[in-house]
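Trainee: Dropping in model-v8.csv, which is CSV, C-alpha atoms and all ligand atoms:
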```csv
chain,number,residue,atom,x,y,z
A,1,MET,CA,18.1,3.4,-17.0
A,2,ASP,CA,18.8,0.0,-18.4
A,3,TYR,CA,16.4,-1.8,-16.1
A,4,LEU,CA,14.0,-1.3,-13.1
A,5,ASP,CA,14.5,-3.2,-9.9
A,6,LEU,CA,10.7,-3.5,-9.5
A,7,TYR,CA,7.9,-2.6,-11.9
A,8,LEU,CA,4.3,-2.4,-10.5
A,9,ILE,CA,0.8,-2.1,-11.9
A,10,HIS,CA,-0.4,0.9,-10.0
A,11,TRP,CA,-4.1,0.1,-9.8
A,12,PRO,CA,-6.2,-2.9,-11.1
A,13,MET,CA,-7.9,-0.5,-13.5
A,14,SER,CA,-7.3,0.9,-17.0
A,15,ALA,CA,-7.9,4.4,-18.4
A,16,LYS,CA,-7.8,5.5,-22.0
A,17,PRO,CA,-4.3,6.1,-23.2
A,18,GLY,CA,-2.7,9.4,-22.5
A,19,PRO,CA,-1.1,11.1,-19.4
A,20,PRO,CA,-3.3,10.4,-16.4
A,21,ILE,CA,-5.0,13.6,-15.0
A,22,PHE,CA,-6.5,13.1,-11.6
A,23,PRO,CA,-9.4,12.7,-10.8
A,24,LEU,CA,-9.7,10.5,-13.9
A,25,LYS,CA,-12.8,11.1,-16.0
A,26,ARG,CA,-15.4,8.4,-15.5
A,27,GLU,CA,-15.9,8.0,-19.3
A,28,ASP,CA,-12.1,7.3,-19.6
A,29,ILE,CA,-12.2,4.3,-17.3
A,30,MET,CA,-12.1,0.9,-19.1
A,31,PRO,CA,-12.2,-2.7,-18.0
A,32,MET,CA,-8.7,-4.0,-17.5
A,33,ASP,CA,-7.2,-6.8,-19.6
A,34,LEU,CA,-5.4,-8.1,-16.5
A,35,LYS,CA,-4.2,-11.3,-18.3
A,36,GLY,CA,-2.8,-9.2,-21.2
A,37,VAL,CA,-1.2,-6.6,-19.0
A,38,TRP,CA,0.4,-9.2,-16.8
A,39,GLU,CA,1.8,-11.1,-19.8
A,40,ALA,CA,3.5,-7.9,-20.9
A,41,MET,CA,4.9,-7.4,-17.4
A,42,GLU,CA,6.2,-10.9,-17.5
A,43,GLU,CA,7.9,-10.2,-20.9
A,44,CYS,CA,9.6,-7.1,-19.3
A,45,GLN,CA,11.1,-9.4,-16.6
A,46,ARG,CA,12.1,-12.1,-19.2
A,47,LEU,CA,13.8,-9.4,-21.2
A,48,GLY,CA,15.7,-8.1,-18.1
A,49,LEU,CA,13.9,-4.7,-18.3
A,50,ALA,CA,12.6,-5.3,-14.8
A,51,LYS,CA,14.3,-7.5,-12.1
A,52,ALA,CA,11.0,-8.1,-10.4
A,53,ILE,CA,7.3,-7.3,-11.2
A,54,GLY,CA,4.4,-6.7,-9.0
A,55,VAL,CA,1.1,-5.0,-8.3
A,56,SER,CA,-0.3,-2.2,-6.2
A,57,ASN,CA,-3.7,-1.6,-4.7
A,58,PHE,CA,-4.8,-5.1,-5.5
A,59,PRO,CA,-7.4,-6.7,-3.2
A,60,THR,CA,-7.3,-10.4,-2.7
A,61,LYS,CA,-10.0,-11.0,-5.3
A,62,LYS,CA,-7.9,-9.4,-8.0
A,63,ILE,CA,-4.7,-11.2,-7.0
A,64,GLU,CA,-6.6,-14.5,-7.2
A,65,GLU,CA,-7.7,-13.6,-10.7
A,66,LEU,CA,-4.1,-12.7,-11.7
A,67,LEU,CA,-2.7,-16.0,-10.2
A,68,LYS,CA,-5.1,-18.1,-12.4
A,69,THR,CA,-3.1,-17.2,-15.5
A,70,ALA,CA,0.2,-15.8,-14.3
A,71,LYS,CA,3.4,-17.7,-15.1
A,72,ILE,CA,5.5,-15.4,-12.9
A,73,PRO,CA,3.6,-14.5,-9.6
A,74,PRO,CA,3.7,-10.9,-8.4
A,75,ALA,CA,6.7,-10.3,-6.1
A,76,VAL,CA,5.0,-7.5,-4.3
A,77,ASN,CA,1.6,-5.9,-3.6
A,78,GLN,CA,2.1,-2.3,-2.5
A,79,VAL,CA,-1.0,-1.1,-0.5
A,80,GLU,CA,-2.0,1.4,2.1
A,81,LEU,CA,-0.9,-0.2,5.4
A,82,ASN,CA,-0.4,1.4,8.8
A,83,PRO,CA,-1.9,0.9,12.4
A,84,VAL,CA,-5.0,2.7,11.2
A,85,TRP,CA,-5.5,0.5,8.2
A,86,GLN,CA,-4.1,-2.9,9.2
A,87,GLN,CA,-5.1,-5.1,6.3
A,88,GLN,CA,-4.9,-8.4,8.3
A,89,LYS,CA,-6.8,-10.4,5.7
A,90,LEU,CA,-4.6,-9.2,2.8
A,91,LEU,CA,-1.4,-9.7,4.8
A,92,GLN,CA,-2.4,-13.3,5.6
A,93,PHE,CA,-3.4,-14.0,2.0
A,94,CYS,CA,-0.2,-12.5,0.5
A,95,ALA,CA,1.9,-14.4,3.0
A,96,GLU,CA,0.2,-17.7,2.0
A,97,LYS,CA,0.9,-16.9,-1.7
A,98,GLY,CA,4.5,-15.8,-1.1
A,99,ILE,CA,3.8,-12.2,-2.2
A,100,ARG,CA,5.7,-9.5,-0.2
A,101,VAL,CA,3.4,-6.6,1.0
A,102,THR,CA,4.8,-3.1,0.9
A,103,ALA,CA,3.2,-0.4,3.0
A,104,TYR,CA,2.5,2.9,1.4
A,105,SER,CA,1.4,5.9,3.5
A,106,PRO,CA,3.0,4.1,6.5
A,107,LEU,CA,2.6,7.3,8.5
A,108,GLY,CA,-0.9,8.0,7.3
A,109,GLY,CA,0.3,9.9,4.2
A,110,GLN,CA,0.4,13.6,3.4
A,111,THR,CA,-2.9,15.0,4.7
A,112,ALA,CA,-2.5,18.6,3.4
A,113,GLY,CA,-3.2,20.2,6.8
A,114,GLY,CA,-6.1,17.8,7.6
A,115,ALA,CA,-6.2,15.3,10.5
A,116,ASN,CA,-3.8,12.4,10.3
A,117,PRO,CA,-5.2,9.5,12.3
A,118,VAL,CA,-1.9,7.7,12.5
A,119,MET,CA,0.2,10.7,13.7
A,120,GLU,CA,-2.6,11.8,16.0
A,121,SER,CA,-3.5,8.4,17.4
A,122,GLU,CA,-3.6,8.5,21.3
A,123,VAL,CA,-2.7,4.8,21.5
A,124,LEU,CA,0.4,5.3,19.4
A,125,LYS,CA,1.3,8.5,21.3
A,126,GLU,CA,1.0,6.7,24.6
A,127,ILE,CA,3.2,3.8,23.4
A,128,ALA,CA,5.8,6.2,21.9
A,129,LYS,CA,6.0,8.1,25.1
A,130,ALA,CA,6.5,5.0,27.2
A,131,LYS,CA,9.2,3.7,24.9
A,132,GLY,CA,11.1,7.0,24.3
A,133,LYS,CA,10.3,6.7,20.6
A,134,THR,CA,8.3,8.9,18.2
A,135,VAL,CA,4.8,8.0,16.9
A,136,ALA,CA,6.3,7.6,13.4
A,137,GLN,CA,8.8,5.0,14.7
A,138,VAL,CA,6.1,3.1,16.5
A,139,SER,CA,4.0,3.0,13.3
A,140,LEU,CA,7.0,1.9,11.2
A,141,ARG,CA,8.1,-0.7,13.7
A,142,TRP,CA,4.5,-2.2,13.8
A,143,ILE,CA,4.5,-2.5,10.0
A,144,TYR,CA,7.9,-4.2,10.1
A,145,GLU,CA,6.7,-6.6,12.7
A,146,GLN,CA,3.8,-7.5,10.3
A,147,GLY,CA,6.5,-8.8,7.9
A,148,ALA,CA,5.9,-6.0,5.4
A,149,SER,CA,8.4,-3.6,3.8
A,150,MET,CA,7.5,0.1,3.5
A,151,VAL,CA,7.9,3.2,1.4
A,152,VAL,CA,8.1,6.1,3.9
A,153,LYS,CA,8.6,9.5,2.5
A,154,SER,CA,10.3,12.6,4.1
A,155,PHE,CA,12.1,15.6,2.8
A,156,ASN,CA,13.6,16.2,6.3
A,157,LYS,CA,17.1,14.9,7.0
A,158,GLU,CA,16.4,14.3,10.7
A,159,ARG,CA,13.2,12.5,10.1
A,160,LEU,CA,14.8,10.3,7.4
A,161,LYS,CA,17.3,9.2,10.0
A,162,GLN,CA,14.7,8.7,12.6
A,163,ASN,CA,12.5,6.6,10.3
A,164,ILE,CA,15.3,4.0,9.8
A,165,GLU,CA,16.0,3.6,13.5
A,166,ILE,CA,13.4,0.9,14.1
A,167,PHE,CA,15.4,-2.3,13.9
A,168,ASP,CA,17.0,-2.7,17.4
A,169,TRP,CA,13.9,-2.6,19.6
A,170,GLU,CA,10.5,-4.2,19.5
A,171,LEU,CA,6.9,-3.7,20.7
A,172,THR,CA,5.7,-5.7,23.6
A,173,GLU,CA,2.7,-8.1,23.3
A,174,GLU,CA,0.6,-5.7,25.3
A,175,GLU,CA,1.5,-2.9,22.9
A,176,ARG,CA,0.7,-5.0,19.9
A,177,ILE,CA,-2.8,-5.8,21.4
A,178,LYS,CA,-3.5,-2.1,22.0
A,179,ILE,CA,-2.5,-1.4,18.4
A,180,SER,CA,-4.7,-4.2,17.1
A,181,GLN,CA,-7.7,-2.4,18.7
A,182,ILE,CA,-7.3,0.9,17.0
A,183,PRO,CA,-10.4,1.9,15.0
A,184,GLN,CA,-9.8,1.3,11.3
A,185,LYS,CA,-10.0,4.0,8.6
A,186,LYS,CA,-8.8,3.8,5.0
A,187,ARG,CA,-7.4,7.0,3.4
A,188,VAL,CA,-7.1,6.3,-0.3
A,189,THR,CA,-9.9,4.5,-2.2
A,190,VAL,CA,-10.4,3.9,-5.9
A,191,ARG,CA,-13.4,6.3,-5.7
A,192,ASP,CA,-11.0,9.2,-4.7
A,193,ILE,CA,-9.1,9.0,-8.0
A,194,ILE,CA,-12.2,9.0,-10.2
A,195,SER,CA,-14.2,12.1,-10.9
A,196,LYS,CA,-17.7,12.2,-9.3
A,197,GLU,CA,-19.1,13.7,-12.5
A,198,GLY,CA,-20.1,11.7,-15.5
A,199,THR,CA,-21.2,8.1,-15.8
A,200,LEU,CA,-19.2,5.0,-15.2
A,201,GLU,CA,-20.7,2.1,-17.0
A,202,SER,CA,-17.9,-0.3,-17.9
A,203,VAL,CA,-16.3,-1.0,-14.5
A,204,ASP,CA,-17.7,-2.3,-11.3
A,205,LEU,CA,-15.7,-0.4,-8.7
A,206,SER,CA,-16.6,-2.8,-5.8
A,207,ASP,CA,-14.6,-5.4,-7.8
A,208,ILE,CA,-11.3,-3.3,-7.4
A,209,ASP,CA,-11.9,-1.4,-4.3
A,210,CYS,CA,-9.3,-2.3,-1.6
A,211,VAL,CA,-11.7,-1.8,1.3
A,212,GLU,CA,-11.6,-5.3,2.7
A,213,MET,CA,-10.8,-6.0,6.4
B,301,LIG,N1,0.9,2.8,-4.8
B,301,LIG,C1,0.1,3.8,-4.5
B,301,LIG,O1,-1.1,3.9,-5.0
B,301,LIG,C2,0.6,4.9,-3.6
B,301,LIG,C3,-0.3,5.8,-2.9
B,301,LIG,C4,0.1,6.7,-2.1
B,301,LIG,C5,1.5,6.8,-1.8
B,301,LIG,N2,2.4,6.0,-2.4
B,301,LIG,C6,3.8,6.1,-2.2
B,301,LIG,O2,4.1,5.8,-0.8
B,301,LIG,C7,5.2,6.6,-0.4
B,301,LIG,C8,4.9,7.3,0.9
B,301,LIG,O3,3.6,7.6,1.1
B,301,LIG,P1,3.0,9.0,1.6
B,301,LIG,O4,3.8,10.1,1.2
B,301,LIG,O5,1.6,8.9,1.2
B,301,LIG,O6,3.0,8.8,3.1
B,301,LIG,P2,3.9,8.7,4.4
B,301,LIG,O7,5.3,8.3,4.1
B,301,LIG,O8,3.0,8.0,5.4
B,301,LIG,O9,3.8,10.3,4.9
B,301,LIG,C9,4.6,11.2,4.4
B,301,LIG,C10,4.4,12.4,5.3
B,301,LIG,O10,4.9,12.2,6.6
B,301,LIG,C11,5.8,13.1,7.0
B,301,LIG,N3,6.9,12.4,7.8
B,301,LIG,C12,7.8,11.5,7.4
B,301,LIG,N4,8.5,11.1,8.4
B,301,LIG,C13,8.1,11.7,9.5
B,301,LIG,C14,8.4,11.6,10.9
B,301,LIG,N5,9.4,10.8,11.4
B,301,LIG,N6,7.7,12.3,11.8
B,301,LIG,C15,6.7,13.2,11.4
B,301,LIG,N7,6.3,13.3,10.1
B,301,LIG,C16,7.0,12.5,9.2
B,301,LIG,C17,6.4,13.7,5.8
B,301,LIG,O11,6.7,15.1,6.0
B,301,LIG,P3,8.2,15.6,5.9
B,301,LIG,O12,8.7,15.5,4.5
B,301,LIG,O13,8.1,17.1,6.3
B,301,LIG,O14,9.1,14.8,6.8
B,301,LIG,C18,5.2,13.7,4.8
B,301,LIG,O15,4.3,14.8,5.0
B,301,LIG,C19,5.5,7.6,-1.5
B,301,LIG,O16,6.7,7.2,-2.1
B,301,LIG,C20,4.3,7.5,-2.4
B,301,LIG,O17,4.7,7.7,-3.8
B,301,LIG,C21,1.9,5.0,-3.3
```
Re-express the file's structure as structure tokens.
Ligand SMILES: NC(=O)c1ccc[n+]([C@@H]2O[C@H](COP(=O)([O-])OP(=O)(O)OC[C@H]3O[C@@H](n4cnc5c(N)ncnc54)[C@H](OP(=O)(O)O)[C@@H]3O)[C@@H](O)[C@H]2O)c1

Mentor:
Amino acid sequence: MDYLDLYLIHWPMSAKPGPPIFPLKREDIMPMDLKGVWEAMEECQRLGLAKAIGVSNFPTKKIEELLKTAKIPPAVNQVELNPVWQQQKLLQFCAEKGIRVTAYSPLGGQTAGGANPVMESEVLKEIAKAKGKTVAQVSLRWIYEQGASMVVKSFNKERLKQNIEIFDWELTEEERIKISQIPQKKRVTVRDIISKEGTLESVDLSDIDCVEM
């Protein structure tokens, strides 16, 4: 490739150099030189290696820290976002700053046989039935109506087609209210990607955890 369309910092966290093996060892986690990393990202954009640069899994606090020194603001913040993790505070903050939010795990993610609170939501099932849509389509339409883009993943041709058929209909106000009342539950946290064994001395995880409502 000559360039990337969009280049993201995956987490506001650094690990010792080398291929990442999850869960990351606690002793390998280091404080992140956010200013230095972002300057290097900006250089990538200036050189034309990336058309746009952005972040992922950044809570509002980390974006504020980044914006203090950034010459190019992040184009995107890619975060977990779906009707079961609605991120209203982050959405509003990013909208004010002109940062596009992209939803990952828009259908609740791959749950390896476990319960998926998005696909099994009774509220979403009821709305889907009434509209003649699928639960996946209702979830994706809700994300779209939040002004966010999304990365939805499927290996199934029919579902790929279904997932894009969300642009010629909309949710009613009553349906939006019902969705806004769904109990909230986050799937991916920074604690999930770090081993529980060993000591973690150099980083305060609460500083980078994305669990903010
Ligand atoms: N930045 C980050 O830290 C981060 C974290 C997690 C994920 N991501 C990215 O986000 C993208 C998607 O996330 P994800 O895979 O976690 O979650 P997702 O798109 O919410 O869920 C994917 C799962 O949903 C199923 N699915 C897709 N369409 C469906 C439909 N219409 N009806 C029923 N099931 C459907 C898929 O199965 P089938 O294949 O069988 O259809 C797959 O098991 C990926 O590109 C991933 O790399 C980023």

Trainee: Between A:Ala52, A:Ile99, A:Leu24, A:Ala40, which residue has the minimum interatomic distance to A:Glu64, considering all atoms listed in the file?

Mentor: A:Ile99

Trainee: Give as a list in words the residues surrounding ligand LIG 301 (chain B) up to a distance of 7 Å, considering only C-alpha atoms and all ligand atoms.

Mentor: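 Residues lying within 7 Å of ligand LIG 301 (chain B): His10, Trp11, Ser56, Asn57, Gln78, Val79, Glu80, Tyr104, Ser105, Pro106, Leu107, Gly108, Gly109, Gln110, Ala136, Gln137, Val151, Val152, Lys153, Ser154, Phe155, Asn156, Arg159, Leu160, Gln162 and Asn163 of chain A.
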
Trainee: Out of A:Pro73, A:Asn116, A:Ala148, A:Leu49, which residue has the shortest atom-to-atom distance to A:Gln88 when counting only C-alpha atoms?

Mentor: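 Looking at the shortest contact to A:Gln88, the residue is A:Ala148.
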
Trainee: Please indicate the distance in Å from atom CA of A:Ile208 to atom CA of A:Met13, rounded to one decimal place.

Mentor: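 Distance between the two atoms: 7.5 Å.
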
Trainee: One number please: atom CA of A:Lys35 to atom CA of A:Ile72, in Å, one decimal.

Mentor: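 Rounded to one decimal, the two atoms are 11.8 Å apart.
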
Trainee: Ranking A:Leu90, A:Ala95, A:Ala75, A:Leu81 by minimum distance to A:Tyr144 and counting only C-alpha atoms, which one comes first?

Mentor: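 Once distances to A:Tyr144 are computed over only C-alpha atoms, the minimum belongs to A:Leu81.
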
Trainee: Would you mind listing what lies within 12 Å of A:Ser206 as a PyMOL selection string, with all atoms listed in the file counted and same-chain residues fewer than 6 positions away left out?

Mentor: chain A and resi 12-13+59+61-62+189-191+212

Trainee: Limited to C-alpha atoms, could you put the picked residues into a file as a CSV table (one decimal), keeping the file's coordinate frame?

Mentor:
```csv
chain,number,residue,atom,x,y,z
A,12,PRO,CA,-6.2,-2.9,-11.1
A,13,MET,CA,-7.9,-0.5,-13.5
A,59,PRO,CA,-7.4,-6.7,-3.2
A,61,LYS,CA,-10.0,-11.0,-5.3
A,62,LYS,CA,-7.9,-9.4,-8.0
A,189,THR,CA,-9.9,4.5,-2.2
A,190,VAL,CA,-10.4,3.9,-5.9
A,191,ARG,CA,-13.4,6.3,-5.7
A,212,GLU,CA,-11.6,-5.3,2.7
```

Trainee: Measure the distance from atom CA of A:Lys71 to atom CA of A:Trp38 in Å and round it to one decimal.

Mentor: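 So the two atoms, atom CA of A:Lys71 and atom CA of A:Trp38, lie 9.2 Å apart.
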
Trainee: I'd like the neighbourhood of A:Ser121 as a ChimeraX atom specification, where a residue qualifies if any of its atoms comes within 10 Å (using only C-alpha atoms), though same-chain residues fewer than 2 positions away should be ignored.

Mentor: /A:83-84,116-119,123-126,135,179,182-183

Trainee: Could you save those same residues with C-alpha atoms as a PDB file, keeping the file's coordinate frame?

Mentor:
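Wrote it out as out_30.pdb, contents follow:
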```
ATOM      1  CA  PRO A  83      -1.900   0.900  12.400  1.00  0.00           C
ATOM      2  CA  VAL A  84      -5.000   2.700  11.200  1.00  0.00           C
ATOM      3  CA  ASN A 116      -3.800  12.400  10.300  1.00  0.00           C
ATOM      4  CA  PRO A 117      -5.200   9.500  12.300  1.00  0.00           C
ATOM      5  CA  VAL A 118      -1.900   7.700  12.500  1.00  0.00           C
ATOM      6  CA  MET A 119       0.200  10.700  13.700  1.00  0.00           C
ATOM      7  CA  VAL A 123      -2.700   4.800  21.500  1.00  0.00           C
ATOM      8  CA  LEU A 124       0.400   5.300  19.400  1.00  0.00           C
ATOM      9  CA  LYS A 125       1.300   8.500  21.300  1.00  0.00           C
ATOM     10  CA  GLU A 126       1.000   6.700  24.600  1.00  0.00           C
ATOM     11  CA  VAL A 135       4.800   8.000  16.900  1.00  0.00           C
ATOM     12  CA  ILE A 179      -2.500  -1.400  18.400  1.00  0.00           C
ATOM     13  CA  ILE A 182      -7.300   0.900  17.000  1.00  0.00           C
ATOM     14  CA  PRO A 183     -10.400   1.900  15.000  1.00  0.00           C
TER      15      PRO A 183
END
```

Trainee: Would you mind telling me which residue in A:Ala70, A:Gln92, A:Phe58, A:Glu122 lies nearest to A:Lys178 when using only C-alpha atoms?

Mentor: A:Glu122

Trainee: Considering only C-alpha atoms, return as a compact mmCIF listing (two decimals) with C-alpha atoms, in the coordinates of the input whatever protein or nucleic-acid residues lie within 7 Å of A:Val101, sequence-local ones (same chain, fewer than 6 positions apart) excluded.

Mentor:
```txt
# COMPACT_ATOMS: atom_id res chain seq x y z
CA VAL A 76 5.00 -7.50 -4.30
CA ASN A 77 1.60 -5.90 -3.60
CA GLN A 78 2.10 -2.30 -2.50
CA LEU A 91 -1.40 -9.70 4.80
CA CYS A 94 -0.20 -12.50 0.50
CA ALA A 148 5.90 -6.00 5.40
CA SER A 149 8.40 -3.60 3.80
```

Trainee: For the point (-13.5, 9.3, -9.1) in file coordinates, what residues are within 8 Å, counting only C-alpha atoms? Give the answer as a list in words?

Mentor: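 I get Pro23, Leu24, Lys25, Arg26, Val190, Arg191, Asp192, Ile193, Ile194, Ser195, Lys196 and Glu197 of chain A for the residues within 8 Å of that point.
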
Trainee: Could you add whatever atoms are missing so that stretch 192-206 of chain A carries N, CA and C atoms, then write the result as a compact mmCIF listing (two decimals), keeping the file's coordinate frame?

Mentor:
```
# COMPACT_ATOMS: atom_id res chain seq x y z
N ASP A 192 -11.64 7.85 -4.82
CA ASP A 192 -11.00 9.20 -4.70
C ASP A 192 -10.24 9.57 -5.97
N ILE A 193 -9.89 8.59 -6.80
CA ILE A 193 -9.10 9.00 -8.00
C ILE A 193 -9.94 9.08 -9.24
N ILE A 194 -11.27 8.86 -9.07
CA ILE A 194 -12.20 9.00 -10.20
C ILE A 194 -13.14 10.13 -9.97
N SER A 195 -13.33 10.96 -10.99
CA SER A 195 -14.20 12.10 -10.90
C SER A 195 -15.63 11.67 -10.48
N LYS A 196 -16.29 12.51 -9.75
CA LYS A 196 -17.70 12.20 -9.30
C LYS A 196 -18.66 12.51 -10.43
N GLU A 197 -18.20 13.32 -11.40
CA GLU A 197 -19.10 13.70 -12.50
C GLU A 197 -19.02 12.72 -13.67
N GLY A 198 -20.12 12.59 -14.38
CA GLY A 198 -20.10 11.70 -15.50
C GLY A 198 -20.64 10.32 -15.15
N THR A 199 -20.69 9.43 -16.13
CA THR A 199 -21.20 8.10 -15.80
C THR A 199 -20.09 7.07 -15.99
N LEU A 200 -20.19 6.06 -15.16
CA LEU A 200 -19.20 5.00 -15.20
C LEU A 200 -19.93 3.70 -15.42
N GLU A 201 -19.86 3.23 -16.66
CA GLU A 201 -20.70 2.10 -17.00
C GLU A 201 -19.90 0.79 -17.15
N SER A 202 -18.62 0.90 -17.51
CA SER A 202 -17.90 -0.30 -17.90
C SER A 202 -17.20 -1.04 -16.78
N VAL A 203 -17.09 -0.39 -15.61
CA VAL A 203 -16.30 -1.00 -14.50
C VAL A 203 -17.12 -1.05 -13.24
N ASP A 204 -17.07 -2.18 -12.56
CA ASP A 204 -17.70 -2.30 -11.30
C ASP A 204 -16.62 -1.97 -10.20
N LEU A 205 -16.74 -0.80 -9.58
CA LEU A 205 -15.70 -0.40 -8.70
C LEU A 205 -15.55 -1.28 -7.44
N SER A 206 -16.66 -1.90 -7.03
CA SER A 206 -16.60 -2.80 -5.80
C SER A 206 -15.63 -3.94 -6.10
```
